[in-house]
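Text of start.pdb (PDB, C-alpha atoms and all ligand atoms) as supplied:
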ATOM      1  CA  MET A   1     -10.749 -34.595  12.966
ATOM      2  CA  SER A   2      -8.664 -31.532  12.323
ATOM      3  CA  LEU A   3      -8.920 -28.455  14.491
ATOM      4  CA  CYS A   4      -9.458 -25.090  12.915
ATOM      5  CA  LYS A   5      -6.347 -23.031  12.199
ATOM      6  CA  GLY A   6      -6.797 -20.532  14.993
ATOM      7  CA  LYS A   7      -6.694 -23.269  17.600
ATOM      8  CA  GLU A   8      -3.805 -25.229  16.238
ATOM      9  CA  LYS A   9      -0.940 -24.939  18.596
ATOM     10  CA  ARG A  10       1.810 -23.436  16.515
ATOM     11  CA  GLY A  11       4.766 -25.755  16.261
ATOM     12  CA  LYS A  12       7.948 -24.018  17.158
ATOM     13  CA  ALA A  13      11.395 -24.723  15.857
ATOM     14  CA  ALA A  14      12.194 -27.481  18.305
ATOM     15  CA  TYR A  15       9.658 -29.705  16.546
ATOM     16  CA  HIS A  16      10.732 -28.909  13.026
ATOM     17  CA  GLY A  17      13.822 -30.884  12.341
ATOM     18  CA  ALA A  18      16.177 -28.607  14.158
ATOM     19  CA  SER A  19      19.759 -29.239  13.238
ATOM     20  CA  PRO A  20      21.091 -32.288  15.048
ATOM     21  CA  VAL A  21      24.280 -30.312  15.628
ATOM     22  CA  VAL A  22      22.630 -28.319  18.321
ATOM     23  CA  SER A  23      25.868 -26.746  19.439
ATOM     24  CA  ALA A  24      26.150 -25.036  16.046
ATOM     25  CA  ALA A  25      22.641 -23.621  16.036
ATOM     26  CA  LYS A  26      21.089 -21.105  18.337
ATOM     27  CA  PHE A  27      17.435 -20.692  19.178
ATOM     28  CA  TYR A  28      15.805 -17.620  20.524
ATOM     29  CA  ASP A  29      12.194 -17.649  21.641
ATOM     30  CA  TYR A  30      12.199 -21.171  20.100
ATOM     31  CA  ASP A  31      13.051 -19.745  16.681
ATOM     32  CA  LEU A  32      16.205 -20.516  14.820
ATOM     33  CA  VAL A  33      18.338 -17.375  14.742
ATOM     34  CA  LEU A  34      21.865 -18.500  14.129
ATOM     35  CA  GLU A  35      23.658 -21.401  12.444
ATOM     36  CA  LYS A  36      27.068 -22.760  11.642
ATOM     37  CA  TYR A  37      29.031 -20.693  14.083
ATOM     38  CA  ARG A  38      31.838 -22.758  15.361
ATOM     39  CA  ASP A  39      32.114 -20.810  18.532
ATOM     40  CA  LEU A  40      28.993 -19.206  19.802
ATOM     41  CA  ASP A  41      30.609 -16.202  21.389
ATOM     42  CA  VAL A  42      28.395 -13.806  23.257
ATOM     43  CA  GLU A  43      28.810 -10.992  20.737
ATOM     44  CA  THR A  44      27.696 -13.100  17.783
ATOM     45  CA  VAL A  45      24.686 -14.390  19.649
ATOM     46  CA  ARG A  46      23.754 -10.850  20.702
ATOM     47  CA  GLU A  47      24.060  -9.700  17.126
ATOM     48  CA  ALA A  48      21.795 -12.504  15.858
ATOM     49  CA  ILE A  49      19.196 -11.845  18.520
ATOM     50  CA  LYS A  50      19.285  -8.134  17.728
ATOM     51  CA  HIS A  51      18.632  -8.879  14.047
ATOM     52  CA  TYR A  52      15.855 -11.242  14.999
ATOM     53  CA  LYS A  53      14.180  -8.656  17.239
ATOM     54  CA  GLU A  54      14.432  -6.033  14.505
ATOM     55  CA  PHE A  55      12.850  -8.532  12.154
ATOM     56  CA  GLN A  56      10.027  -9.154  14.651
ATOM     57  CA  GLY A  57       9.515  -5.394  14.922
ATOM     58  CA  LYS A  58       9.357  -5.032  11.159
ATOM     59  CA  CYS A  59       6.683  -7.750  11.019
ATOM     60  CA  GLU A  60       4.666  -6.178  13.826
ATOM     61  CA  LYS A  61       4.630  -2.880  11.986
ATOM     62  CA  ARG A  62       2.922  -4.666   9.125
ATOM     63  CA  GLY A  63       0.435  -6.377  11.421
ATOM     64  CA  LEU A  64       2.134  -9.775  11.369
ATOM     65  CA  SER A  65       3.724 -11.827  14.058
ATOM     66  CA  VAL A  66       6.472 -14.374  13.580
ATOM     67  CA  HIS A  67       5.026 -17.763  14.475
ATOM     68  CA  SER A  68       8.024 -19.867  13.724
ATOM     69  CA  VAL A  69      11.425 -19.909  12.031
ATOM     70  CA  TYR A  70      13.132 -23.205  11.355
ATOM     71  CA  LYS A  71      15.158 -25.174   8.880
ATOM     72  CA  LYS A  72      13.081 -27.166   6.452
ATOM     73  CA  PRO A  73      13.532 -30.902   6.961
ATOM     74  CA  ARG A  74      15.463 -32.104   3.954
ATOM     75  CA  GLU A  75      14.236 -34.680   1.448
ATOM     76  CA  TRP A  76      16.707 -37.539   0.937
ATOM     77  CA  ASN A  77      17.354 -36.551  -2.699
ATOM     78  CA  ASP A  78      17.392 -32.799  -2.220
ATOM     79  CA  ASN A  79      20.649 -30.925  -1.896
ATOM     80  CA  GLN A  80      19.011 -27.561  -1.462
ATOM     81  CA  ARG A  81      18.466 -26.057   1.958
ATOM     82  CA  TYR A  82      15.680 -23.790   3.016
ATOM     83  CA  TYR A  83      14.561 -21.848   6.021
ATOM     84  CA  VAL A  84      10.853 -21.732   6.704
ATOM     85  CA  PHE A  85       9.281 -18.583   8.094
ATOM     86  CA  GLU A  86       5.736 -18.787   9.412
ATOM     87  CA  PHE A  87       3.793 -15.582   9.878
ATOM     88  CA  GLY A  88       0.321 -14.971  11.135
ATOM     89  CA  ASN A  89      -2.310 -12.575  12.330
ATOM     90  CA  ALA A  90      -5.972 -12.871  13.244
ATOM     91  CA  TYR A  91      -6.887 -13.577   9.618
ATOM     92  CA  CYS A  92      -4.237 -15.814   8.208
ATOM     93  CA  ASN A  93      -1.175 -17.981   8.522
ATOM     94  CA  ILE A  94       1.460 -17.634   5.839
ATOM     95  CA  GLU A  95       4.388 -19.940   5.359
ATOM     96  CA  LYS A  96       7.359 -18.881   3.258
ATOM     97  CA  GLU A  97      10.359 -20.925   2.256
ATOM     98  CA  VAL A  98      13.604 -19.072   1.756
ATOM     99  CA  HIS A  99      16.409 -20.675  -0.143
ATOM    100  CA  ILE A 100      19.871 -20.849   1.367
ATOM    101  CA  PRO A 101      22.306 -20.306  -1.523
ATOM    102  CA  SER A 102      24.899 -23.032  -1.853
ATOM    103  CA  SER A 103      27.576 -20.370  -1.481
ATOM    104  CA  MET A 104      26.282 -19.873   2.057
ATOM    105  CA  GLN A 105      26.268 -23.517   3.004
ATOM    106  CA  HIS A 106      28.752 -24.351   5.732
ATOM    107  CA  LYS A 107      29.130 -20.639   6.395
ATOM    108  CA  PRO A 108      28.011 -18.783   9.502
ATOM    109  CA  ARG A 109      24.472 -17.570   9.043
ATOM    110  CA  ILE A 110      22.121 -15.206  10.805
ATOM    111  CA  VAL A 111      18.830 -16.731   9.818
ATOM    112  CA  CYS A 112      16.468 -13.757   9.604
ATOM    113  CA  ASP A 113      18.891 -11.934   7.278
ATOM    114  CA  PHE A 114      17.810 -14.442   4.617
ATOM    115  CA  MET A 115      14.305 -13.004   4.578
ATOM    116  CA  LYS A 116      14.884 -10.473   1.841
ATOM    117  CA  ARG A 117      12.767  -7.416   1.338
ATOM    118  CA  LYS A 118      11.155  -8.658  -1.881
ATOM    119  CA  ILE A 119       9.983 -11.891  -0.265
ATOM    120  CA  PHE A 120       8.810 -10.054   2.817
ATOM    121  CA  ASP A 121       6.783  -7.643   0.672
ATOM    122  CA  GLU A 122       5.121 -10.667  -0.947
ATOM    123  CA  VAL A 123       4.158 -11.956   2.489
ATOM    124  CA  VAL A 124       2.682  -8.597   3.464
ATOM    125  CA  ALA A 125       0.745  -8.374   0.183
ATOM    126  CA  GLU A 126      -0.648 -11.865   0.679
ATOM    127  CA  ALA A 127      -1.711 -11.057   4.244
ATOM    128  CA  ASP A 128      -3.467  -7.897   3.042
ATOM    129  CA  ARG A 129      -5.226  -9.808   0.292
ATOM    130  CA  ILE A 130      -6.483 -12.477   2.715
ATOM    131  CA  GLU A 131      -7.672  -9.835   5.159
ATOM    132  CA  GLU A 132      -9.614  -8.143   2.385
ATOM    133  CA  GLU A 133     -11.086 -11.413   1.098
ATOM    134  CA  THR A 134     -12.317 -12.523   4.500
ATOM    135  CA  ARG A 135     -13.781  -9.149   5.436
ATOM    136  CA  PRO A 136     -17.389  -9.910   4.358
ATOM    137  CA  GLN A 137     -17.371 -13.091   6.447
ATOM    138  CA  ARG A 138     -16.034 -11.243   9.484
ATOM    139  CA  GLU A 139     -18.648  -8.562   9.116
ATOM    140  CA  ALA A 140     -21.409 -11.163   8.856
ATOM    141  CA  GLU A 141     -20.090 -12.837  12.016
ATOM    142  CA  GLU A 142     -20.049  -9.502  13.805
ATOM    143  CA  LYS A 143     -23.645  -8.818  12.838
ATOM    144  CA  ARG A 144     -24.669 -12.285  14.019
ATOM    145  CA  ARG A 145     -22.827 -11.679  17.299
ATOM    146  CA  LYS A 146     -24.887  -8.544  17.950
ATOM    147  CA  GLU A 147     -28.119 -10.396  17.153
ATOM    148  CA  LYS A 148     -27.188 -13.116  19.631
ATOM    149  CA  ASN A 149     -26.263 -10.669  22.375
ATOM    150  CA  ALA A 150     -29.552  -8.804  21.977
ATOM    151  CA  TYR A 151     -31.570 -12.024  21.964
ATOM    152  CA  GLN A 152     -29.788 -13.509  24.934
ATOM    153  CA  ALA A 153     -30.371 -10.372  27.008
ATOM    154  CA  SER A 154     -34.133 -10.760  26.799
ATOM    155  CA  HIS A 155     -34.773 -14.493  26.432
ATOM    156  CA  THR A 156     -34.180 -17.724  28.286
ATOM    157  CA  ILE A 157     -32.159 -20.120  26.170
ATOM    158  CA  PRO A 158     -33.587 -23.650  26.173
ATOM    159  CA  ASP A 159     -31.383 -26.739  26.086
ATOM    160  CA  LEU A 160     -31.067 -28.494  22.800
ATOM    161  CA  ALA A 161     -32.956 -31.798  22.930
ATOM    162  CA  GLU A 162     -30.699 -34.810  23.377
ATOM    163  CA  GLU A 163     -31.650 -36.370  20.063
ATOM    164  CA  ASP A 164     -30.955 -33.097  18.273
ATOM    165  CA  ARG A 165     -27.596 -32.861  19.998
ATOM    166  CA  GLN A 166     -26.638 -36.353  18.893
ATOM    167  CA  ALA A 167     -27.812 -35.756  15.335
ATOM    168  CA  LEU A 168     -25.870 -32.481  15.160
ATOM    169  CA  PHE A 169     -22.687 -34.106  16.498
ATOM    170  CA  ALA A 170     -22.981 -36.939  13.993
ATOM    171  CA  PHE A 171     -23.456 -34.444  11.167
ATOM    172  CA  LEU A 172     -20.468 -32.341  12.239
ATOM    173  CA  GLU A 173     -18.176 -35.330  12.682
ATOM    174  CA  LYS A 174     -19.000 -36.492   9.188
ATOM    175  CA  GLU A 175     -18.545 -33.038   7.632
ATOM    176  CA  LEU A 176     -15.326 -32.245   9.481
ATOM    177  CA  GLU A 177     -13.815 -35.382   7.995
ATOM    178  CA  LYS A 178     -14.315 -33.795   4.600
ATOM    179  CA  SER A 179     -13.353 -30.198   5.319
ATOM    180  CA  GLU A 180     -11.556 -28.211   7.963
ATOM    181  CA  CYS A 181     -13.396 -26.170  10.570
ATOM    182  CA  ASP A 182     -13.296 -22.576   9.358
ATOM    183  CA  GLY A 183     -13.443 -21.089  12.845
ATOM    184  CA  THR A 184     -17.166 -20.361  12.698
ATOM    185  CA  LEU A 185     -20.392 -22.248  13.338
ATOM    186  CA  ARG A 186     -21.031 -22.511   9.593
ATOM    187  CA  LEU A 187     -21.848 -26.248   9.537
ATOM    188  CA  SER A 188     -23.786 -26.154  12.801
ATOM    189  CA  ARG A 189     -25.919 -23.326  11.411
ATOM    190  CA  GLU A 190     -26.522 -25.309   8.268
ATOM    191  CA  TRP A 191     -27.767 -28.261  10.320
ATOM    192  CA  LEU A 192     -29.879 -26.118  12.673
ATOM    193  CA  HIS A 193     -31.500 -24.432   9.696
ATOM    194  CA  THR A 194     -32.436 -27.775   8.144
ATOM    195  CA  ARG A 195     -33.694 -29.048  11.498
ATOM    196  CA  PHE A 196     -35.774 -26.047  12.629
ATOM    197  CA  ASN A 197     -36.277 -23.773   9.638
ATOM    198  CA  ASP A 198     -37.158 -21.082  12.183
ATOM    199  CA  PRO A 199     -34.790 -18.103  12.623
ATOM    200  CA  GLU A 200     -35.550 -17.656  16.309
ATOM    201  CA  LYS A 201     -35.077 -21.319  17.187
ATOM    202  CA  GLU A 202     -31.876 -21.404  15.155
ATOM    203  CA  LEU A 203     -30.558 -18.356  16.953
ATOM    204  CA  ALA A 204     -31.434 -19.792  20.383
ATOM    205  CA  ALA A 205     -29.776 -23.112  19.524
ATOM    206  CA  GLU A 206     -26.633 -21.308  18.377
ATOM    207  CA  ILE A 207     -26.516 -19.437  21.681
ATOM    208  CA  TYR A 208     -26.972 -22.753  23.501
ATOM    209  CA  LEU A 209     -23.910 -24.123  21.689
ATOM    210  CA  GLU A 210     -21.816 -21.091  22.607
ATOM    211  CA  LYS A 211     -22.934 -21.214  26.215
ATOM    212  CA  HIS A 212     -21.459 -24.704  26.301
ATOM    213  CA  GLY A 213     -18.157 -23.672  24.749
ATOM    214  CA  GLY A 214     -19.004 -24.254  21.081
ATOM    215  CA  PHE A 215     -17.906 -21.099  19.284
ATOM    216  CA  CYS A 216     -16.998 -22.917  16.098
ATOM    217  CA  ASP A 217     -17.854 -26.304  14.599
ATOM    218  CA  CYS A 218     -14.860 -28.183  15.973
ATOM    219  CA  GLU A 219     -15.503 -26.748  19.442
ATOM    220  CA  VAL A 220     -19.061 -28.055  19.299
ATOM    221  CA  ILE A 221     -17.566 -31.537  19.094
ATOM    222  CA  MET A 222     -14.773 -30.900  21.595
ATOM    223  CA  ASN A 223     -16.700 -28.920  24.188
ATOM    224  CA  VAL A 224     -20.455 -29.302  23.785
ATOM    225  CA  LYS A 225     -20.404 -33.012  23.000
ATOM    226  CA  ASN A 226     -17.861 -33.920  25.624
ATOM    227  CA  ASN A 227     -19.360 -31.875  28.423
TER     228      ASN A 227
HETATM  229 ZN    ZN A 301     -13.026 -24.754  15.008
END
Could you render the structure as structure tokens?
Amino acid sequence: MSLCKGKEKRGKAAYHGASPVVSAAKFYDYDLVLEKYRDLDVETVREAIKHYKEFQGKCEKRGLSVHSVYKKPREWNDNQRYYVFEFGNAYCNIEKEVHIPSSMQHKPRIVCDFMKRKIFDEVVAEADRIEEETRPQREAEEKRRKEKNAYQASHTIPDLAEEDRQALFAFLEKELEKSECDGTLRLSREWLHTRFNDPEKELAAEIYLEKHGGFCDCEVIMNVKNN
């Protein structure tokens, strides 16, 4: 079963085929910042880290954080080299490959300097588009959240019957084989609606799931089932 994106632990450079010639590469905050310097003198390293921090700042200004920077593991028949930049915010994760020109191979490289403005603007535009596209869903979730808070404040939440729990878990396990958890209780709600067809009971059952650590479908399996 795959976990939803938000809960995936982001892999940092160390896990992404970092250059075996470690002495020629330099990592900062687990991201690749510098390559192919024969002698890693303090000044060069400082310079690379400065560029990297400026790059981080530029991303933050656009509402993005740098999740990971690493060298793309190379296919056996591929002579081209790429850096991979992974960005993210609360709404999305964006991965961008940046080509390393052959003229730059074997030359000293400050990695973040390869993220050119045009490519960066594409990343920002994509992030904005995703934020806009997912807005209705976020608003619906927010509305549902308020409903749940109001209900919980004035009602006792009953336990979900054991046979319902088991049937729900079985349903979710089957569905999450087919599609990824989207970070909401979408599938659980679908099942609860079929089971109860009663808005109040569905709401109470959803609150029950959250009270046991199930704030999205994959967490229902991980936390509610295994508690
Ligand atoms: Zn999930």
Given the file shown, determine the residues that the PyMOL selection byres (((chain A and resi 158-166) around 12) and not hetatm) selects; report them as number ranges by chain.
-> A: 152, 155-157, 167-173, 188, 191-192, 194-196, 200-212, 220-221, 224-227
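Considering only C-alpha atoms, the residue among A:Glu147, A:Glu141, A:Asp198, A:Asp31 positioned nearest to A:Phe215 is A:Glu141.
Picked out by the PyMOL selection byres (((chain A and resi 70) around 6) and not hetatm) when it runs on this file: Ala13, Leu32, Val69, Lys71, Tyr83 and Val84 of chain A.
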Identify, on the basis of all atoms listed in the file, every residue whose closest approach to stretch 112-122 of chain A does not exceed 12 Å; exclude the query and any residue fewer than 2 positions from it along the same chain; express the result as a PyMOL selection string.
-> chain A and resi 27-28+31-35+47-56+58-59+62+64+66+68-71+81-87+94-101+104+108-110+124-129
Grab the atom CA of A:Cys216 to atom CA of A:Leu187 distance for me, in Å with one decimal place.
-> 8.8 Å
From atom CA of A:Ser65 to atom CA of A:Asn93 the spacing works out at 9.6 Å
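For the pair atom CA of A:Leu185 and atom CA of A:Pro199, the interatomic distance is 15.0 Å.
Proximity to ligand ZN 301 (chain A) was assessed for A:Asn197, A:Gln80, A:Thr184, A:Gln105 counting all atoms listed in the file; the smallest distance is recorded for A:Thr184.
Distance annotation: of A:Tyr30, A:Lys36, A:Lys178, A:Pro136, the residue with the minimal separation from A:Lys107 is A:Lys36; atom set is all atoms listed in the file.
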Could you list as a VMD selection string every residue that has an atom within 9 Å of (-13.5, -24.6, 9.1), using the file's coordinates and counting all atoms listed in the file?
-> chain A and resid 3 to 5 176 179 to 187 216 to 218
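The smallest atom-to-atom distance between ligand ZN 301 (chain A) and any of A:Ala90, A:Val111, A:Val123, A:Met222, using all atoms listed in the file, is found for A:Met222.
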